[in-house]
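Trainee: Below is a structure I'd like to ask you about.
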Amino acid sequence: MRRTMIGLGAVVLALGLSAPALADGHDGPAAQQARGGDHGFGRATLSGFASLPAQTFVPGSEPSGAQLGTAPVNGVTPPFAGQPVQGFSGVVRRRDGTFEVLSDNGYGGKANSADFLLRIQRIKPDFRAGTVQVLGGIDLSDPGKHVPFPLTRPDRRLTGADFDIESIVRNPDGTYWIGDEFGPFLLHFSASGALLEAPIALPGVKAPENPTLGGATPNLAGSKGFEGMARAVDGRHLYPLLEGTVSGDPAGTLRINEFDLRDRAYTGRRWVYRLEAPGNAIGDMIAVDRDRFLVIERDNEQGDAARFKRIYLADLRDRDKDGAVDKTLVADLLDLANPQGVGGFGTTFRFPFQTIEDVVILDDSTLGVLNDNNFPFSAGRTPGKPDNDEFITVRLSRPLDADPRAYRRY
């Protein structure tokens with residue numbers, strides 16, 4: 001949430017790696033040459049820019065932000081007359097050229113987000129006009145009473161006080177899997193937004209907000225659950241990535257777990273993603289092929305203070321002597337070439353937001369990237385003004401050599 005796609009070994013299995021490769025973390029020269037991941041990437045280029053105004057609200061929606069007080073924040077004064085279309089913490093590409101984006105848990109925490117309705121928004125960027133159109137969306141709810149603990153609302157519409165939703169994948173059948181940070185839990189929703197089964201907990205890991213903690217000591221920091229989650233290109237497994245380090249693990253290491261969609265259970269396989277600095281966080285993760293994943297890694301700064309906003313290519317087959325997966329820098333989001341002056345910006349483009357939580361593969365050389373604007377709190381683009389939700393496209397210096405299933409549309 002306020003942070004934002006691994007024990008990548010798990011992904012390897014779901015993606016079809018052999019047992020020996022999993023055992024020693026290495027593969028032969030032929031495999032390395034085939035994936036083309038050992039040669040690095042050059043400077044990436046901004047190829048598209050579109051923006052949704054910060055003060056965009058769901059038409060006819062309920063008021064929100066009552067627990068924020070009445071003092072102005074970045075020039076806007078809560079509470080608000082409607083539900084903001086904000087906080088994009090996950091993205092799904094649809095075959096009609098639109099995208100579904102996941103609203104964050106609300107206003108930054110469990111205590112102030114009881115009147116923020118969790119929602120999947122549907123948007124369409126127009127990169128020629130530089131605008132984003134909101135086409136509608138679906139609220140998330142639990143009419144079947146699958147959640148075993150009390151919810152905020154008697155009508156069982158889900159709020160930011162119930163779950164902190166941060167990552168999303170869409171299945172060919174139209175259902176959604178969403179990663180939560182409060183449990184952390186995996187949540188399975190219908191195409192209309194109804195919860196289909198009970199929240200699935202991660203064995204052995206509990207955050208402070210976990211409603212089943214029962215006085216026990218949490219072993220994960222608050223809001224540090226499933227910030228990123230990829231679905232294997234063959235559709236068999238999910239790979240949820242924690243944003244925080246589990247107590248007892250080395251500082252700056254994050255667990256990637258493997259979840260079997262057919263068996264509805266964790267397989268027990270796990271990999272490690274190592275942050276470049278312990279104070280960094282991840283924002284999203286998406287599969288490139290059966291072995292490789294894109295991961296957004298960022299610092300916690302914004303505006304001129306931002307120093308680290310990057311996208312890495314993580315390969316589950318390559319691990320260092322401490323077991324962390326190999327990483328290759330794909331794009332530095334604070335140093336994108338912009339020779340055409342896209343968006344009216346200069347020849348170097350910066351994406352200087354505190355939380356960047358969405359990456360999608362558009363084609364083998366182009367990524368879509370979106371920020372979470374933490375409305376109304378973040379002001380990374382213009383000090384004192386709430387950030388818009390920006391949708392950029394980034395042209396890589398060379399192809400990813402991705403599995404075509406990685407950028408198929410549903």
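Every chain in the structure tokens has a letter given in the order shown (A, B, ...), and although residue numbers restart at 1 in each chain, ligands are simply numbered from 1 in the order shown.
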Per DSSP on the backbone, what are the strand (DSSP E or B) residues of stretch 116-312 of chain A, as a ChimeraX atom specification?
Mentor: /A:117,119-126,131-139,141,157,159,165-170,176-180,185-189,194-195,200-201,226-231,237-242,253-260,265-274,281-287,292-298,309-312
Trainee: Filtering to C-alpha atoms, could you give me those residues as a tab-separated table (two decimals), in the first residue's frame?
Mentor:
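Once everything was written out, this is part31.tsv:
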```
chain	number	residue	atom	x	y	z
A	117	LEU	CA	-15.11	0.68	-0.58
A	119	ARG	CA	-13.11	-1.72	-5.94
A	120	ILE	CA	-11.69	-2.78	-9.29
A	121	GLN	CA	-11.81	0.22	-11.64
A	122	ARG	CA	-11.94	-0.08	-15.42
A	123	ILE	CA	-9.97	2.55	-17.33
A	124	LYS	CA	-8.88	3.38	-20.85
A	125	PRO	CA	-5.77	5.50	-21.45
A	126	ASP	CA	-5.55	7.77	-24.49
A	131	THR	CA	-5.83	11.42	-20.68
A	132	VAL	CA	-7.36	8.45	-18.86
A	133	GLN	CA	-11.07	7.67	-19.10
A	134	VAL	CA	-12.83	5.85	-16.27
A	135	LEU	CA	-15.35	3.41	-17.76
A	136	GLY	CA	-16.80	1.98	-14.55
A	137	GLY	CA	-15.86	-0.81	-12.22
A	138	ILE	CA	-17.04	-3.34	-9.65
A	139	ASP	CA	-17.16	-3.18	-5.86
A	141	SER	CA	-18.11	-7.92	-1.48
A	157	ARG	CA	-19.34	-4.83	0.99
A	159	THR	CA	-13.71	-1.82	2.86
A	165	ILE	CA	-5.62	-5.27	-1.42
A	166	GLU	CA	-2.40	-4.73	-3.37
A	167	SER	CA	-1.99	-7.21	-6.23
A	168	ILE	CA	-4.31	-8.76	-8.80
A	169	VAL	CA	-4.39	-11.33	-11.59
A	170	ARG	CA	-7.34	-12.26	-13.82
A	176	TYR	CA	-9.78	-12.63	-10.01
A	177	TRP	CA	-7.12	-13.54	-7.48
A	178	ILE	CA	-6.14	-10.63	-5.25
A	179	GLY	CA	-3.30	-10.40	-2.75
A	180	ASP	CA	-3.94	-8.77	0.64
A	185	PHE	CA	-4.40	-13.50	2.51
A	186	LEU	CA	-5.16	-14.64	-1.03
A	187	LEU	CA	-8.69	-13.64	-2.06
A	188	HIS	CA	-10.64	-15.20	-4.94
A	189	PHE	CA	-13.43	-13.12	-6.49
A	194	ALA	CA	-18.19	-11.49	-5.08
A	195	LEU	CA	-15.80	-13.45	-2.86
A	200	ILE	CA	-6.41	-18.24	2.23
A	201	ALA	CA	-3.70	-17.49	4.78
A	226	PHE	CA	1.31	-9.50	-0.70
A	227	GLU	CA	2.31	-6.33	-2.52
A	228	GLY	CA	3.14	-8.20	-5.70
A	229	MET	CA	1.71	-11.33	-7.26
A	230	ALA	CA	2.33	-13.02	-10.61
A	231	ARG	CA	0.48	-15.84	-12.30
A	237	HIS	CA	0.45	-21.37	-10.03
A	238	LEU	CA	0.42	-18.00	-8.32
A	239	TYR	CA	3.58	-16.40	-6.98
A	240	PRO	CA	2.71	-13.90	-4.26
A	241	LEU	CA	5.65	-11.74	-3.13
A	242	LEU	CA	5.78	-10.24	0.35
A	253	THR	CA	15.08	-10.32	1.87
A	254	LEU	CA	11.53	-11.00	0.74
A	255	ARG	CA	9.82	-14.34	0.36
A	256	ILE	CA	8.21	-15.52	-2.88
A	257	ASN	CA	5.86	-18.42	-2.29
A	258	GLU	CA	4.25	-20.80	-4.75
A	259	PHE	CA	0.49	-21.42	-4.63
A	260	ASP	CA	-1.14	-24.21	-6.64
A	265	ALA	CA	-2.77	-24.87	-1.44
A	266	TYR	CA	0.77	-23.60	-1.03
A	267	THR	CA	3.28	-26.07	-2.38
A	268	GLY	CA	5.94	-25.30	0.24
A	269	ARG	CA	8.37	-24.07	-2.43
A	270	ARG	CA	9.86	-20.67	-1.77
A	271	TRP	CA	12.42	-18.26	-3.21
A	272	VAL	CA	14.13	-15.11	-1.98
A	273	TYR	CA	14.16	-11.67	-3.58
A	274	ARG	CA	16.88	-9.43	-2.13
A	281	ALA	CA	10.17	-1.95	-0.96
A	282	ILE	CA	8.66	-3.75	-3.93
A	283	GLY	CA	5.66	-2.51	-5.88
A	284	ASP	CA	4.55	-5.23	-8.27
A	285	MET	CA	5.57	-8.48	-9.95
A	286	ILE	CA	4.58	-10.03	-13.28
A	287	ALA	CA	5.67	-13.17	-15.15
A	292	ARG	CA	11.64	-14.88	-15.19
A	293	PHE	CA	9.62	-12.10	-13.58
A	294	LEU	CA	9.59	-8.33	-13.63
A	295	VAL	CA	9.69	-6.71	-10.18
A	296	ILE	CA	9.28	-3.03	-9.30
A	297	GLU	CA	11.63	-1.98	-6.51
A	298	ARG	CA	11.56	1.49	-4.98
A	309	LYS	CA	12.56	3.62	-8.66
A	310	ARG	CA	13.52	0.65	-10.82
A	311	ILE	CA	12.21	-2.39	-12.65
A	312	TYR	CA	14.29	-5.57	-12.43
```
Trainee: Counting only C-alpha atoms, what is within 10 Å of stretch 343-345 of chain A, bar same-chain residues fewer than 6 positions away, as a VMD selection string?
Mentor: chain A and resid 46 to 51 127 to 130 392
Trainee: Go ahead and save the picked residues with C-alpha atoms, as a PDB file, in the first residue's frame.
Mentor:
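So the final result, stored in part-v3.pdb, reads:
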```
ATOM      1  CA  LEU A  46       9.315   7.060 -22.364  1.00  0.00           C
ATOM      2  CA  SER A  47       6.934   6.253 -25.225  1.00  0.00           C
ATOM      3  CA  GLY A  48       3.531   7.249 -23.838  1.00  0.00           C
ATOM      4  CA  PHE A  49       1.991   9.393 -21.096  1.00  0.00           C
ATOM      5  CA  ALA A  50      -1.574   9.723 -19.810  1.00  0.00           C
ATOM      6  CA  SER A  51      -2.926  11.146 -16.575  1.00  0.00           C
ATOM      7  CA  PHE A 127      -1.844   8.367 -25.032  1.00  0.00           C
ATOM      8  CA  ARG A 128      -2.433  10.759 -27.914  1.00  0.00           C
ATOM      9  CA  ALA A 129      -4.575  13.035 -25.766  1.00  0.00           C
ATOM     10  CA  GLY A 130      -2.654  12.289 -22.581  1.00  0.00           C
ATOM     11  CA  ILE A 392       3.170   5.704 -18.800  1.00  0.00           C
TER      12      ILE A 392
END
```
Trainee: Of the residues A:Ala191, A:Ala221, A:Ala306, A:Leu68, which is the one nearest to A:Val205, using only C-alpha atoms?
Mentor: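 Once distances to A:Val205 are computed over only C-alpha atoms, the minimum belongs to A:Ala221.
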Trainee: Using atom CA of A:Leu220 and atom CA of A:Gly193 as the two end points, give the distance in Å to one decimal.
Mentor: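 Separating atom CA of A:Leu220 from atom CA of A:Gly193 is a distance of 28.1 Å.
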Trainee: Write out as a PyMOL selection string the residues lying within 8 Å of A:His146, counting only C-alpha atoms and excluding same-chain residues fewer than 3 positions away.
Mentor: chain A and resi 142-143+195-199
Trainee: Give me, as a list in words, all polymer residues having an atom no more than 7 Å from A:Phe375, counting only C-alpha atoms and skipping those fewer than 6 positions away in the same chain.
Mentor: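 Non-adjacent residues within range: Ala54, Gln86, Gly87 and Pro386 of chain A.
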Trainee: Rank nothing, just name the residue among A:Pro172, A:Asp315, A:Arg395, A:Leu329 nearest to A:Arg95, using only C-alpha atoms.
Mentor: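 Looking at the shortest contact to A:Arg95, the residue is A:Pro172.
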Trainee: Select, from A:Val147, A:Val330, A:Ala161, A:Leu370, the residue with the minimum atom-to-atom distance to A:Phe88, counting only C-alpha atoms.
Mentor: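 So, comparing all the options, the nearest one is A:Leu370.
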